[in-house]
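**Student:** I'd like to ask some things about the structure below.
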Amino acid sequence: MDVIRTAIGLMSGTSMDGIDVALIRTDGRGFIERGPFMGVPYDADFRGRLKRALELSRPLSERSQRPAELRDIELELTARHAIAVTAFMGRFDIAADTVHVLGFHGQTVLHRPDEGLTIQIGDGGELAKRTGISVVYDMRANDMVHGGQGAPLVPAYHAALAGKFQQAGQAVCFVNIGGISNLTFIGTDGRISAFDSGPGNTLIDQWVEMQTGKTYDPGGEIGGRGKVVTSLAERYLQSPFFRGNVRRSLDRGDFAPLRPEEAGLEDGARTLAHVAAASIIKSAGFLPETPAIYIVCGGGRLNATVMAEFSAMAERLGSRVLTAEEAGFDGDAMEAEAWAYLAVRSLDGLPLTFPGTTGVATPVSGGVLATP
């Protein structure tokens with residue numbers, strides 16, 4: 001009988017807005033019981049520190065390199081995760097000795113799949129020591145050692161959630177609109193395909209912050225008042241990323257931000273919302289078949305302008321678009337839940353990535369285990 005474990009997942013994504021904490025009980029296979037979720041936002045000063053970490057990481061060529069300033073940021077990030085875990089367990093009355101493992105994503109500061117290099121800062125050993133709970137971390141690296149892109153990793157979890165749609169004979173595509181958007185397609189035959197689909201929230205967030213000082217466009221309200229500047233949208237959508245049959249994973253810096261003089265605030269936000277939606281549709285053209293249903297998770301599902309654009313484009317191709325909540329899930333919690341699920345799979349030596357998800361030659365497990 002497969003062992004059911006309690007796991008907490010910790011996700012700090014490319015938008016660098018905070019830590020998502022979620023608990024699930026799972027056997028790392030088909031059994032998933034979803035528990036509570038909590039978001040812990042970063043303050044502006046620490047978000048600035050994480051942006052500094054991106055700069056410090058640019059010249060690095062080895063996963064283990066940590067110049068002194070980057071190491072300081074890594075330790076601060078780890079401490080904040082430990083505090084988040086303690087607060088989460090206190091809020092939901094969870095005893096540490098009932099949690100088997102923490103799935104710790106860390107913060108991606110460099111991702112160059114063509115060079116076989118990915119760096120996520122976050123000290124798993126230190127987190128285990130501070131929380132008293134075993135930690136699985138650094139889950140992308142082994143995939144890249146075996147020739148994969150190191151991303152996306154969430155598809156294994158999406159596939160486990162897709163059962164009820166498969167049973168109804170529907171091909172389903174999970175769309176995670178985070179800083180970078182990615183797709184997980186589960187066909188009616190159970191085949192999984194997954195890849196990054198293009199820019200998600202990052203370009204919109206950068207634009208709005210540059211223009212207003214706000215860190216994002218709440219609800220897509222700013223973009224909703226603007227018009228699409230076609231020439232700017234096409235500049236993004238004609239990127240080589242959208243051509244050719246080889247899908248690759250993206251880094252936050254792969255698509256350059258708009259320059260301040262290129263558009264007004266509202267038109268720029270609307271244009272980038274259009275790009276976020278159209279990127280998904282363009283990339284979905286590489287899937288084995290057109291999905292019957294798209295299930296949208298991640299922060300981008302809360303941007304009404306992105307969702308309206310995406311829904312209209314998908315409906316023209318005969319697909320329905322649902323938010324994660326409309327499909328019975330929690331769109332805020334899903335990535336953190338996935339990291340908990342992957343940690344349990346790692347403990348059992350089960351694959352985290354597959355040829356159809358990262359391009360790795362054969363399914364491989366991954367992650368490093370740190371015990372208290």
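Naming works like this for the structure tokens: A, B, ... for the chains as they're shown, residue 1 at the start of each chain, ligands 1 onward in shown order.
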Write out, as a Markdown table, each residue of segment 300-364 of chain A that has an atom at most 12 Å from segment 181-190 of chain A, together with the closest pair of atoms and their distance in Å to one decimal, counting only C-alpha atoms, rows going by chain and rising number.
**Tutor:**
| residue | atom | partner | partner_atom | distance |
| --- | --- | --- | --- | --- |
| A:Gly300 | CA | A:Ser181 | CA | 8.8 |
| A:Arg301 | CA | A:Ser181 | CA | 11.0 |
| A:Val306 | CA | A:Ser181 | CA | 12.0 |
| A:Glu335 | CA | A:Asn182 | CA | 11.6 |
| A:Phe354 | CA | A:Thr184 | CA | 11.9 |
| A:Gly356 | CA | A:Phe185 | CA | 9.6 |
| A:Thr357 | CA | A:Thr184 | CA | 7.9 |
| A:Thr358 | CA | A:Thr184 | CA | 11.0 |
**Student:** What's the 8 Å shell around Leu110 of chain A, counting only C-alpha atoms, without same-chain residues fewer than 6 positions away, as a PyMOL selection string?
**Tutor:** chain A and resi 54+57-58+117-120+251
**Student:** Give me the residues within 6 Å of Leu102 of chain A as a PyMOL selection string, counting only C-alpha atoms and dropping any in the same chain fewer than 3 places off.
**Tutor:** chain A and resi 7-9+135
**Student:** Which residues are close to Thr305 of chain A, i.e. within 10 Å by only C-alpha atoms, leaving aside same-chain residues fewer than 6 positions away? Reply as an MDAnalysis selection string.
**Tutor:** chainID A and resid 217 219:226 269:270 272:274 277 311
**Student:** Can you work out which one of A:Arg112, A:His81, A:His146, A:His100 has the shortest atom-to-atom distance to Arg130 of chain A, counting only C-alpha atoms?
**Tutor:**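 Nearest to Arg130 of chain A: A:His81.
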**Student:** For Leu265 of chain A, list every protein, DNA or RNA residue within 8 Å, evaluated using only C-alpha atoms, and leave out those in the same chain fewer than 2 positions away; present the list as a PyMOL selection string.
**Tutor:** chain A and resi 207-208+211+222+263+267-269
**Student:** Please save all heavy atoms of the selected residues as a short mmCIF file (atom, residue, chain, number, x, y, z; two decimals), in the first residue's frame.
**Tutor:**
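Saved to part-v3.cif:
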data_model
loop_
_atom_site.label_atom_id
_atom_site.label_comp_id
_atom_site.auth_asym_id
_atom_site.auth_seq_id
_atom_site.Cartn_x
_atom_site.Cartn_y
_atom_site.Cartn_z
N TRP A 207 5.76 47.10 -16.17
CA TRP A 207 5.25 48.33 -16.81
C TRP A 207 4.52 49.20 -15.79
O TRP A 207 4.77 50.41 -15.68
CB TRP A 207 4.32 47.95 -17.96
CG TRP A 207 3.61 49.11 -18.59
CD1 TRP A 207 2.28 49.43 -18.48
CD2 TRP A 207 4.19 50.11 -19.43
NE1 TRP A 207 2.00 50.56 -19.21
CE2 TRP A 207 3.16 51.00 -19.80
CE3 TRP A 207 5.48 50.34 -19.91
CZ2 TRP A 207 3.37 52.10 -20.62
CZ3 TRP A 207 5.70 51.43 -20.73
CH2 TRP A 207 4.65 52.31 -21.09
N VAL A 208 3.61 48.59 -15.02
CA VAL A 208 2.82 49.36 -14.07
C VAL A 208 3.72 49.93 -12.96
O VAL A 208 3.55 51.08 -12.54
CB VAL A 208 1.70 48.47 -13.47
CG1 VAL A 208 1.01 49.15 -12.30
CG2 VAL A 208 0.67 48.14 -14.56
N GLN A 211 5.63 52.91 -14.27
CA GLN A 211 4.81 54.09 -14.53
C GLN A 211 4.17 54.68 -13.28
O GLN A 211 3.93 55.89 -13.20
CB GLN A 211 3.70 53.72 -15.53
CG GLN A 211 4.20 53.29 -16.90
CD GLN A 211 4.56 54.48 -17.78
OE1 GLN A 211 4.22 55.61 -17.49
NE2 GLN A 211 5.27 54.22 -18.87
N ILE A 222 -6.31 48.88 -14.94
CA ILE A 222 -5.57 49.86 -15.75
C ILE A 222 -5.62 49.44 -17.22
O ILE A 222 -5.97 50.23 -18.10
CB ILE A 222 -4.12 50.00 -15.25
CG1 ILE A 222 -4.09 50.54 -13.82
CG2 ILE A 222 -3.32 50.93 -16.18
CD1 ILE A 222 -2.71 50.49 -13.16
N ALA A 263 4.41 53.93 -24.91
CA ALA A 263 2.94 53.90 -24.80
C ALA A 263 2.53 54.67 -23.57
O ALA A 263 3.33 54.92 -22.66
CB ALA A 263 2.44 52.46 -24.73
N ASP A 267 -2.67 52.10 -22.26
CA ASP A 267 -2.47 51.36 -23.51
C ASP A 267 -1.34 50.34 -23.36
O ASP A 267 -1.41 49.23 -23.91
CB ASP A 267 -2.14 52.32 -24.66
CG ASP A 267 -3.36 53.12 -25.11
OD1 ASP A 267 -4.47 52.85 -24.61
OD2 ASP A 267 -3.20 54.03 -25.95
N GLY A 268 -0.30 50.69 -22.62
CA GLY A 268 0.79 49.73 -22.39
C GLY A 268 0.30 48.52 -21.62
O GLY A 268 0.61 47.37 -21.97
N ALA A 269 -0.48 48.77 -20.56
CA ALA A 269 -0.99 47.65 -19.76
C ALA A 269 -1.94 46.77 -20.57
O ALA A 269 -1.91 45.54 -20.48
CB ALA A 269 -1.70 48.19 -18.51
#
**Student:** If we count only C-alpha atoms and set the cut-off at 12 Å, which residues sit around Asn176 of chain A, ignoring sequence neighbours fewer than 5 positions away in its own chain? Please answer as a PyMOL selection string.
**Tutor:** chain A and resi 13+152-155+158+181-185+194-201+276-277+280+294-302+323-324+330-335+338
**Student:** Write out, as a PDB file, in the first residue's frame, the residues just selected, with C-alpha atoms.
**Tutor:**
ATOM      1  CA  GLY A  13       7.623  32.603  -7.982  1.00  0.00           C
ATOM      2  CA  PRO A 152       7.962  23.180 -15.898  1.00  0.00           C
ATOM      3  CA  LEU A 153       7.728  20.863 -12.875  1.00  0.00           C
ATOM      4  CA  VAL A 154       4.071  21.385 -11.916  1.00  0.00           C
ATOM      5  CA  PRO A 155       2.695  19.076 -14.689  1.00  0.00           C
ATOM      6  CA  HIS A 158      -1.726  18.822 -12.844  1.00  0.00           C
ATOM      7  CA  SER A 181       3.005  31.412 -18.111  1.00  0.00           C
ATOM      8  CA  ASN A 182       3.123  27.681 -18.681  1.00  0.00           C
ATOM      9  CA  LEU A 183       0.791  25.008 -20.013  1.00  0.00           C
ATOM     10  CA  THR A 184       0.132  21.427 -18.977  1.00  0.00           C
ATOM     11  CA  PHE A 185      -1.920  19.423 -21.470  1.00  0.00           C
ATOM     12  CA  ALA A 194       3.917  20.772 -20.930  1.00  0.00           C
ATOM     13  CA  PHE A 195       6.026  23.822 -21.619  1.00  0.00           C
ATOM     14  CA  ASP A 196       6.397  27.504 -20.879  1.00  0.00           C
ATOM     15  CA  SER A 197       4.048  29.462 -23.113  1.00  0.00           C
ATOM     16  CA  GLY A 198       5.357  33.020 -22.886  1.00  0.00           C
ATOM     17  CA  PRO A 199       5.269  36.140 -20.725  1.00  0.00           C
ATOM     18  CA  GLY A 200       2.511  36.240 -18.116  1.00  0.00           C
ATOM     19  CA  ASN A 201       2.333  38.884 -15.411  1.00  0.00           C
ATOM     20  CA  ALA A 276      -0.083  37.455 -22.188  1.00  0.00           C
ATOM     21  CA  ALA A 277      -3.317  35.995 -23.612  1.00  0.00           C
ATOM     22  CA  ILE A 280      -0.959  31.154 -24.513  1.00  0.00           C
ATOM     23  CA  TYR A 294      -8.500  25.432 -20.224  1.00  0.00           C
ATOM     24  CA  ILE A 295      -8.186  25.703 -16.425  1.00  0.00           C
ATOM     25  CA  VAL A 296      -6.443  28.918 -15.412  1.00  0.00           C
ATOM     26  CA  CYS A 297      -4.475  29.213 -12.174  1.00  0.00           C
ATOM     27  CA  GLY A 298      -1.833  31.636 -10.927  1.00  0.00           C
ATOM     28  CA  GLY A 299      -2.197  35.341 -10.254  1.00  0.00           C
ATOM     29  CA  GLY A 300      -3.004  36.161 -13.880  1.00  0.00           C
ATOM     30  CA  ARG A 301      -6.474  34.643 -13.554  1.00  0.00           C
ATOM     31  CA  LEU A 302      -7.354  37.654 -11.367  1.00  0.00           C
ATOM     32  CA  THR A 323     -10.708  29.583 -13.526  1.00  0.00           C
ATOM     33  CA  ALA A 324      -9.216  27.046 -11.135  1.00  0.00           C
ATOM     34  CA  ASP A 330      -7.642  26.830  -5.587  1.00  0.00           C
ATOM     35  CA  GLY A 331      -5.741  28.860  -8.156  1.00  0.00           C
ATOM     36  CA  ASP A 332      -3.649  30.662  -5.542  1.00  0.00           C
ATOM     37  CA  ALA A 333      -2.582  27.454  -3.820  1.00  0.00           C
ATOM     38  CA  MET A 334      -1.929  25.205  -6.799  1.00  0.00           C
ATOM     39  CA  GLU A 335       1.804  25.816  -7.293  1.00  0.00           C
ATOM     40  CA  ALA A 338       2.436  21.049  -6.429  1.00  0.00           C
TER      41      ALA A 338
END
**Student:** Write out as a PyMOL selection string each polymer residue whose atoms come within 10 Å of Val360 of chain A, counting only C-alpha atoms; drop sequence neighbours fewer than 6 positions from it.
**Tutor:** chain A and resi 142-150+353-354
**Student:** Store the residues picked out above, limited to all heavy atoms, as a PDB file, in the first residue's frame.
**Tutor:**
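Okay, this is what ended up in out_22.pdb:
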ATOM      1  N   ASN A 142      18.333  18.038 -11.236  1.00  0.00           N
ATOM      2  CA  ASN A 142      18.599  16.703 -11.774  1.00  0.00           C
ATOM      3  C   ASN A 142      18.013  16.524 -13.167  1.00  0.00           C
ATOM      4  O   ASN A 142      18.567  15.823 -14.009  1.00  0.00           O
ATOM      5  CB  ASN A 142      18.044  15.630 -10.832  1.00  0.00           C
ATOM      6  CG  ASN A 142      18.611  14.260 -11.135  1.00  0.00           C
ATOM      7  OD1 ASN A 142      19.823  14.103 -11.294  1.00  0.00           O
ATOM      8  ND2 ASN A 142      17.748  13.270 -11.231  1.00  0.00           N
ATOM      9  N   ASP A 143      16.895  17.193 -13.415  1.00  0.00           N
ATOM     10  CA  ASP A 143      16.302  17.162 -14.755  1.00  0.00           C
ATOM     11  C   ASP A 143      17.288  17.730 -15.777  1.00  0.00           C
ATOM     12  O   ASP A 143      17.483  17.163 -16.856  1.00  0.00           O
ATOM     13  CB  ASP A 143      15.008  17.969 -14.759  1.00  0.00           C
ATOM     14  CG  ASP A 143      14.366  18.035 -16.133  1.00  0.00           C
ATOM     15  OD1 ASP A 143      13.745  17.044 -16.537  1.00  0.00           O
ATOM     16  OD2 ASP A 143      14.509  19.076 -16.799  1.00  0.00           O
ATOM     17  N   MET A 144      17.944  18.834 -15.422  1.00  0.00           N
ATOM     18  CA  MET A 144      18.879  19.473 -16.358  1.00  0.00           C
ATOM     19  C   MET A 144      20.138  18.637 -16.530  1.00  0.00           C
ATOM     20  O   MET A 144      20.711  18.578 -17.623  1.00  0.00           O
ATOM     21  CB  MET A 144      19.199  20.887 -15.889  1.00  0.00           C
ATOM     22  CG  MET A 144      17.970  21.786 -15.906  1.00  0.00           C
ATOM     23  SD  MET A 144      18.330  23.503 -15.519  1.00  0.00           S
ATOM     24  CE  MET A 144      18.432  24.202 -17.158  1.00  0.00           C
ATOM     25  N   VAL A 145      20.563  17.962 -15.463  1.00  0.00           N
ATOM     26  CA  VAL A 145      21.708  17.043 -15.565  1.00  0.00           C
ATOM     27  C   VAL A 145      21.426  15.965 -16.607  1.00  0.00           C
ATOM     28  O   VAL A 145      22.321  15.529 -17.330  1.00  0.00           O
ATOM     29  CB  VAL A 145      22.010  16.402 -14.183  1.00  0.00           C
ATOM     30  CG1 VAL A 145      22.966  15.230 -14.321  1.00  0.00           C
ATOM     31  CG2 VAL A 145      22.577  17.448 -13.229  1.00  0.00           C
ATOM     32  N   HIS A 146      20.152  15.578 -16.709  1.00  0.00           N
ATOM     33  CA  HIS A 146      19.755  14.529 -17.655  1.00  0.00           C
ATOM     34  C   HIS A 146      19.233  15.093 -18.981  1.00  0.00           C
ATOM     35  O   HIS A 146      18.539  14.400 -19.729  1.00  0.00           O
ATOM     36  CB  HIS A 146      18.709  13.620 -17.010  1.00  0.00           C
ATOM     37  CG  HIS A 146      19.276  12.723 -15.958  1.00  0.00           C
ATOM     38  ND1 HIS A 146      19.464  13.134 -14.651  1.00  0.00           N
ATOM     39  CD2 HIS A 146      19.741  11.449 -16.028  1.00  0.00           C
ATOM     40  CE1 HIS A 146      20.004  12.142 -13.964  1.00  0.00           C
ATOM     41  NE2 HIS A 146      20.176  11.117 -14.764  1.00  0.00           N
ATOM     42  N   GLY A 147      19.540  16.355 -19.254  1.00  0.00           N
ATOM     43  CA  GLY A 147      19.234  16.916 -20.568  1.00  0.00           C
ATOM     44  C   GLY A 147      17.898  17.601 -20.694  1.00  0.00           C
ATOM     45  O   GLY A 147      17.498  17.995 -21.789  1.00  0.00           O
ATOM     46  N   GLY A 148      17.168  17.769 -19.574  1.00  0.00           N
ATOM     47  CA  GLY A 148      15.885  18.449 -19.621  1.00  0.00           C
ATOM     48  C   GLY A 148      16.034  19.953 -19.482  1.00  0.00           C
ATOM     49  O   GLY A 148      17.116  20.473 -19.230  1.00  0.00           O
ATOM     50  N   GLN A 149      14.910  20.655 -19.616  1.00  0.00           N
ATOM     51  CA  GLN A 149      14.898  22.118 -19.533  1.00  0.00           C
ATOM     52  C   GLN A 149      14.795  22.619 -18.087  1.00  0.00           C
ATOM     53  O   GLN A 149      14.891  23.813 -17.842  1.00  0.00           O
ATOM     54  CB  GLN A 149      13.705  22.661 -20.319  1.00  0.00           C
ATOM     55  CG  GLN A 149      13.803  22.456 -21.820  1.00  0.00           C
ATOM     56  CD  GLN A 149      14.500  23.622 -22.504  1.00  0.00           C
ATOM     57  OE1 GLN A 149      14.136  24.769 -22.309  1.00  0.00           O
ATOM     58  NE2 GLN A 149      15.499  23.329 -23.310  1.00  0.00           N
ATOM     59  N   GLY A 150      14.539  21.707 -17.141  1.00  0.00           N
ATOM     60  CA  GLY A 150      14.411  22.114 -15.750  1.00  0.00           C
ATOM     61  C   GLY A 150      13.075  22.759 -15.412  1.00  0.00           C
ATOM     62  O   GLY A 150      12.852  23.173 -14.284  1.00  0.00           O
ATOM     63  N   THR A 353       9.797  14.740 -13.589  1.00  0.00           N
ATOM     64  CA  THR A 353       9.723  15.281 -14.952  1.00  0.00           C
ATOM     65  C   THR A 353       9.733  14.147 -15.970  1.00  0.00           C
ATOM     66  O   THR A 353      10.181  13.037 -15.688  1.00  0.00           O
ATOM     67  CB  THR A 353      10.905  16.237 -15.222  1.00  0.00           C
ATOM     68  OG1 THR A 353      12.144  15.548 -14.999  1.00  0.00           O
ATOM     69  CG2 THR A 353      10.841  17.455 -14.312  1.00  0.00           C
ATOM     70  N   PHE A 354       9.241  14.482 -17.171  1.00  0.00           N
ATOM     71  CA  PHE A 354       8.993  13.477 -18.192  1.00  0.00           C
ATOM     72  C   PHE A 354       9.414  14.017 -19.557  1.00  0.00           C
ATOM     73  O   PHE A 354       9.521  15.234 -19.747  1.00  0.00           O
ATOM     74  CB  PHE A 354       7.489  13.132 -18.214  1.00  0.00           C
ATOM     75  CG  PHE A 354       6.956  12.692 -16.882  1.00  0.00           C
ATOM     76  CD1 PHE A 354       6.516  13.628 -15.942  1.00  0.00           C
ATOM     77  CD2 PHE A 354       6.905  11.350 -16.556  1.00  0.00           C
ATOM     78  CE1 PHE A 354       6.034  13.228 -14.707  1.00  0.00           C
ATOM     79  CE2 PHE A 354       6.418  10.937 -15.318  1.00  0.00           C
ATOM     80  CZ  PHE A 354       5.988  11.877 -14.388  1.00  0.00           C
TER      81      PHE A 354
END
**Student:** Could you check the closest approach to Ala278 of chain A for each of A:Glu309, A:Glu262, A:Asp123, A:Asp254 and tell me which residue wins, using only C-alpha atoms?
**Tutor:**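 Ranked by minimum distance to Ala278 of chain A, first place goes to A:Glu309.
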**Student:** Which residue, A:Glu234, A:Asp17, A:Asp27, A:Asp205, has the smallest gap to Asp45 of chain A when you use only C-alpha atoms?
**Tutor:** A:Asp17
**Student:** Segment 150-362 of chain A: which residues are helix (DSSP H, G or I) by DSSP, as a ChimeraX atom specification?
**Tutor:** /A:155-161,163-167,202-212,218-224,230-237,240-242,252-254,260-262,265-284,299-302,304-316,334-347,355-358
**Student:** Would you mind reading off the distance between atom CA of Ala141 of chain A and atom CA of Ala22 of chain A, one decimal, in Å?
**Tutor:** 22.9 Å
**Student:** Step one, run DSSP on the backbone; step two, keep only residues of segment 206-354 of chain A assigned to strand (DSSP E or B); then write them as a list of chain:residue names.
**Tutor:**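 Filtering segment 206-354 of chain A down to strand (DSSP E or B) leaves A:Ile293, A:Tyr294, A:Ile295, A:Val296, A:Cys297, A:Arg320, A:Val321, A:Leu322, A:Thr323, A:Thr353.
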**Student:** Would you work out the distance separating atom CA of Ile24 of chain A from atom CA of Pro36 of chain A, expressed in Å to one decimal?
**Tutor:**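 Going from atom CA of Ile24 of chain A over to atom CA of Pro36 of chain A covers 7.9 Å.
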**Student:** Calculate how many Å separate atom CA of Ile121 of chain A from atom CA of Ala44 of chain A, rounding to one decimal.
**Tutor:** 18.9 Å
**Student:** Nearest residue to Phe37 of chain A out of A:Met16, A:Phe286, A:Gly213, A:Val21, using only C-alpha atoms?
**Tutor:**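 Between A:Met16, A:Phe286, A:Gly213, A:Val21, the residue approaching Phe37 of chain A most closely is A:Val21.
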